[in-house]
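Note sheet for the following structure.
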Amino acid sequence: MKIYNTLTKKIEEFIPNDENKVNMYTCGPTVYHYAHIGNLRSYIMEDILEKTLIYNGYKVNRVMNITDVGHLSSDSDSGEDKMVSSAKKQKKTVLDIAKFYTDAFLEDFKKLNIKRPETIEPATNLIPEYINLIKDLLKKNFAYISGGNVYFDTSKLDDYYILTNHKEDDMVVGVRDGVEYDDSKRNQADFVLWFTKSKFEDQELKWDSPWGLGYPGWHIECSCISMKHCGEYLDIHCGGVDNIFPHHTNEIAQSEAYLGHKWCNYWVHCEHLNDKNGKMSKSNGDFLTVSLLEKKGYNPLSYRLMCLQSHYRKQLIFTFENLDNAEQTYKKLKQRVIQLNNTGEVSKELYDLYNNKFKECINDDMNTSSGLTVLYDVLKSEKLNDATKIALIGSFDKVLSLDLLKEEKTTVDAELVKYIEQQIKLRADAKKKRNFDEADQIRNDLLNKGVELKDTREGTVWSIIK
């Protein structure tokens, strides 16, 4: 199995610290709003990665955080804490906001068939761990107190920019979305480990610490949560490309300064989902959620398929035309699978042949588009009987997770019957006028809705595809 490692800037063979178990950490959401589909592209990639590891026989210990405190728009304590801002707008407590949007986020996971991580840890659960790590960094002279806050001193590291290969002059201030001056820092690349002095009107969540009443910086959370559940040696750390700097850069700095050795071997990042305005975000362009796509009539798994059709390291352009194409492709794929009859015996030789082809694709840096091509080859193959095809589809879907073998039930009511009969009459009229293209279009439209037409001597009959 090979994956692209952001740390080395090349595709490498994956070799875990433990040959039987993989420790995998994924940056979770800041739960102040619903996740948009751009956020969720990264989680689909991480889901594919975890399932590819499982497909290769590894046991995966996947850990994800929930950021429910301390996520600022800037490491210099500028802007607003997103959790506090959302709580004020909705007149709720921060923890109420966190629970509501955490539940909504995990519901999106279900709709997109994303496997829930073994461990999900809210940031507010580990305050003592943050304090202990910061005390150690101060003791080792990797951190300092200034202006009431505790900062990490990036000048103590020779390779602070190892993940980005930037020069210090190129990245003046360690901030998430921009650069702002902080006169409490010794170096403008330094970042906050613990806040006691804040520019906010009021910070609802605060804890006692050796440095005063305050709250943790954003980056310290992931380091401690990962070390608690994965130990000192992490195999894979995932996230979106916008996490590379400063978040993941700062995680490496503080974790390795604390541990005294290399912390994580493989860093895997997913590219942006873009819309017509550029990077999709909560403040830019249409705010598209899974629930909104459902309201517009789309199956969430059509969006998952759209993501799988592109490589995770390539920027993906979202348009409703592209989603329409993915939806039609998904429906046709399901229809072709439904038409298979599970008869005959599975050919072990052919099963192994195609299964190995699929495995080669997903093991090649998660090349899901090539994996889908193998799926289509299986469906088209005349050498494979239906039983072997069904067995292979079930195997592939352990990674693809498109519910390809799941039976869909169409509810038949009087309104649907009336609609079907009207369409059959329109189709018959079109055929009388020798407008066969229109007749075929009506037939296909019904098929896409799960209704199959058959022309018999007694006339056209219809049935629900189960």
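Just so we're on the same page: first chain in the structure tokens is A, next is B, and so on; residues restart at 1 for each chain, and ligands are numbered from 1 in the order they show up.
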
Taking 5 positions as the minimum chain separation for residues in the same chain, which residues sit within 6 Å of range 54-64 of chain A when counting only C-alpha atoms? Answer as a ChimeraX atom specification. /A:20-28,117-120

What residues in range 162-380 of chain A get the DSSP label alpha helix (DSSP H)? Please answer as a PyMOL selection string. chain A and resi 218-230+249-259+290-295+300-308+320-338+348-362+368-380

Using DSSP on the backbone coordinates, identify the residues of range 209-361 of chain A assigned to strand (DSSP E); present them as number ranges by chain. A: 215-216, 234-240, 264-270, 273-275, 278-279, 316-317

May I ask for the distance between CA of Gly212 in chain A and CA of Ala257 in chain A, given in Å to one decimal place?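 Taking CA of Gly212 in chain A as the start and CA of Ala257 in chain A as the end point, the length is 23.5 Å.
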
Do you know which residues are at most 9 Å from Met45 in chain A counting only C-alpha atoms, after dropping those on the same chain fewer than 2 positions away, and could you put them as a ChimeraX atom specification? /A:40-43,47-50,269-270,307-308,312,366

Identify which of the residues A:Leu259, A:Asp235, A:Tyr101, A:Arg434 lies closest to Asp18 in chain A, counting only C-alpha atoms when measuring atom-to-atom distances.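 Comparing A:Leu259, A:Asp235, A:Tyr101, A:Arg434 against Asp18 in chain A, the winner is A:Asp235.
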
Contacts of Leu292 in chain A at 12 Å (only C-alpha atoms; same-chain gap of 6+ positions) as number ranges by chain: A: 34-37, 108, 286, 298-300

Name the closest residue to Val69 in chain A among the candidates A:Ile127, A:Ile15, A:Leu375, A:Val337; distances are taken between atoms, counting only C-alpha atoms.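 Looking only at the distances to Val69 in chain A, the closest residue turns out to be A:Ile127.
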
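Computed from the coordinates, the CA of Phe152 in chain A to CA of Ile225 in chain A distance equals 18.3 Å.
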
Residues within 10 Å of Leu447 in chain A, only C-alpha atoms, excluding chain neighbours under 2 positions, as a ChimeraX atom specification: /A:331-332,335,441-445,449-453,463-465

Find the residues near Tyr151 in chain A: any atom within 8 Å, counting only C-alpha atoms, skip ones fewer than 4 places away on the same chain, and give them as JSON, numbers by chain. {"A": [143, 144, 145, 146, 185, 190, 191, 192, 193, 194]}

When you draw a straight line from CA of Leu416 in chain A to CA of Lys454 in chain A, how long is it in Å? 17.5 Å
